[in-house]
Amino acid sequence: FYEIKMATVMDHFGLHSFPTAVPCSEVYSEEVSTGTSIMAVEYADGVIIGADSRTSSGAFVVNRVTDKLTKVTDHIYCCRSGSAADTQNIADLIKFYLSLRSVETGEPPLVKIAANLFSRRCYKKRESAIAGIICAGWDKKEGGQVFSIPLGGMCLRQPFAIGGSGSTYVYGYCDAHYRAGMSKEECIEFVKNVLSLAMSRDGSSGGVIRIASIEEGGVERFLFTGDEIPKFYQD
Amino acid sequence: MSRYDSALTVFSPDGHLFQVEYAQEAVKKGSTAVAVRGQDAVVLAVEKRALAKLQDARTVRKICSLDDHVCLAFAGLTADARVLVNKARVECQSHQLTVEDPVNVEYITRYIASVCQRYTQRSGARPFGVSFLIVGFDRGEVPRLYQTEPAGTYHEWKANATGRNAKTVREYLEKHYSSETTKSRDDVILLAIRALLEVVQSGTKTMELAVMEKGRPIQFLEPEEIGKYVQQIELAKEEEAKRKKSKKETA
């Protein structure tokens with residue numbers, strides 16, 4: 001492997017830079033990213049969140065069983081897409097703020113507070129960070145909520161949200177098949193189907209489907225592998 | 001003597017830091033706080049001062065939690081305590097962010113004590129006039145109780161008191177603390193209340209109580225619950241008095 005780097009030379013006339021080919025001794029030729037398909041859906045009692053499990057660095061799959069559903073409080077999770085390092089770092093920081101806040105107020109924090117903390121952080125670091133986050137959870141005031149925080153740091157509440165590189169292939173399917181007022185089981189089927197379609201068309205998404213439901217009683221996790229993943233048109 | 005007690009960075013000729021000692025005096029004026037460490041539970045009990053009629057009782061909180069598994073009670077200047085508690089809360093989270101582990105009780109005690117000590121060596125600032133009783137569980141398993149002082153020192157205790165009449169309460173605890181009297185959660189609560197009742201008027205409005213058990217978040221007892229324990233203690237005292245009287249009569 002060779003990669004193009006800028007070499008800088010100071011000579012008699014001053015500082016010059018020029019591109020030059022340099023051998024790649026490191027394993028990773030590109031930044032480690034969660035290429036990804038992620039989504040979240042609201043239902044009556046809470047939210048369903050889901051993600052694929054592929055972390056890639058260029059063509060190399062660094063982790064084929066990644067858990068992209070990250071806990072920030074007992075009832076609030078975030079789905080991470082974009083740079084693995086950036087999103088892990090941001091999630092840790094927001095976990096810090098929410099934990100501090102719950103000690104100070106004596107109550108679990110609201111989902112919209114978590115979402116806005118994510119949004120503020122992503123906006124502040126918009127030049128350097130690559131993070132597309134879906135923040136979803138349950139709180140006593142508003143029940144299940146899904147917030148989408150895409151690349152620039154905007155924050156938008158939606159009945160359902162999709163994200164990551166794989167999401168581009170499934171906007172049509174989602175718009176056609178989403179119905180308001182679905183039950184928990186229907187939401188899980190919906191998420192499973194959407195992620196399966198995204199994973200089959202997006203090279204940066206794949207592996208297994210991880211799903212979690214967040215309700216007042218707590219979080220329940222599901223894992224769908226191999227034959228459990230729905231199959232659609234295969235040529 | 002008075003020349004050496006205004007600017008902090010100055011020792012007196014006989015080795016005293018008077019500002020620190022005056023801070024101790026401020027602690028001695030504060031309302032009493034008691035802490036008892038049992039086998040599976042740790043208890044904090046504080047004296048509740050009588051409030052003005054229009055004041056909301058809930059806003060006078062002398063027992064604060066620092067994290068899910070650590071809490072404290074204090075005696076001394078409430079505002080100073082608030083500043084230190086805020087710093088400690090941030091430190092608890094910061095520790096967890098860096099090393100992905102919740103703090104040990106000793107670690108956060110050492111942190112608070114270090115902040116207190118810093119202010120005994122800084123010009124233009126006075127020491128914190130607070131003494132803390134910090135309780136919690138390490139790794140959710142091992143119960144701990146520490147006390148900090150304005151000087152910046154800290155020690156581990158099995159049971160202790162601070163604030164007004166702390167000496168009386170401590171003497172009671174020394175007499176009555178044993179592994180027998182601190183086995184169960186109820187045992188520890190009863191011991192803490194009995195110790196506090198040595199210096200506080202009996203009643204449900206005169207004390208605030210918090211219990212921490214292994215693996216469970218801090219529990220503030222409702223006045224009714226405290227009342228039940230107080231009743232239990234009064235009954236036991238009455239029976240003890242009756243028994244002594246009958247013994248005297250038969251003898």
# chains A, B, ... in the order shown; residues from 1 in each chain; ligands from 1
>>> closest_atom_pairs(of="chain A", to="chain B", cutoff="8 Å", atoms="only C-alpha atoms", output="tab-separated table")
residue	atom	partner	partner_atom	distance
A:Asp92	CA	B:Leu97	CA	6.5
A:Leu93	CA	B:Leu97	CA	7.2
A:Phe96	CA	B:Gln93	CA	5.6
A:Tyr97	CA	B:Gln93	CA	7.9
A:Ser99	CA	B:Gln93	CA	7.0
A:Leu100	CA	B:Gln93	CA	6.3
A:Val103	CA	B:Asp67	CA	5.9
>>> residues_around(residues="region 127-131 of chain A", least_positions_apart="4", cutoff="7 Å", atoms="only C-alpha atoms", output="ChimeraX atom specification")
/A:81-83,86-87,151
>>> atom_distance(atom1="CA of Ile209 (chain A)", atom2="CA of Ser53 (chain A)")
6.6 Å
>>> select_by_dssp(residues="region 17-179 of chain B", states="strand (DSSP E)", output="PyMOL selection string")
chain B and resi 33-37+41-47+63-67+70-76+130-138+142-148+154-156+159-162
>>> residues_around(residues="region 232-234 of chain A", least_positions_apart="3", cutoff="9 Å", atoms="only C-alpha atoms", output="tab-separated table (two decimals) with C-alpha atoms, in the first residue's frame")
chain	number	residue	atom	x	y	z
A	193	ASN	CA	-36.65	-5.50	7.70
A	196	SER	CA	-31.69	-6.15	6.59
A	197	LEU	CA	-32.33	-4.26	3.33
>>> select_by_dssp(residues="region 14-232 of chain A", states="alpha helix (DSSP H)", output="PyMOL selection string")
chain A and resi 84-105+111-124+171-177+184-201
>>> closest_residue(among="B:Thr109, B:Thr182, B:Gln19, B:Thr153", to="Gly136 (chain B)", atoms="only C-alpha atoms")
B:Thr109
>>> atom_distance(atom1="CA of Val230 (chain B)", atom2="CA of Ser184 (chain B)")
17.0 Å
>>> residues_around(residues="Glu149 (chain B)", least_positions_apart="5", cutoff="12 Å", atoms="only C-alpha atoms", output="number ranges by chain")
B: 20-28, 74-76, 81, 109-110, 112-117, 120, 127-134, 154-155, 162-163
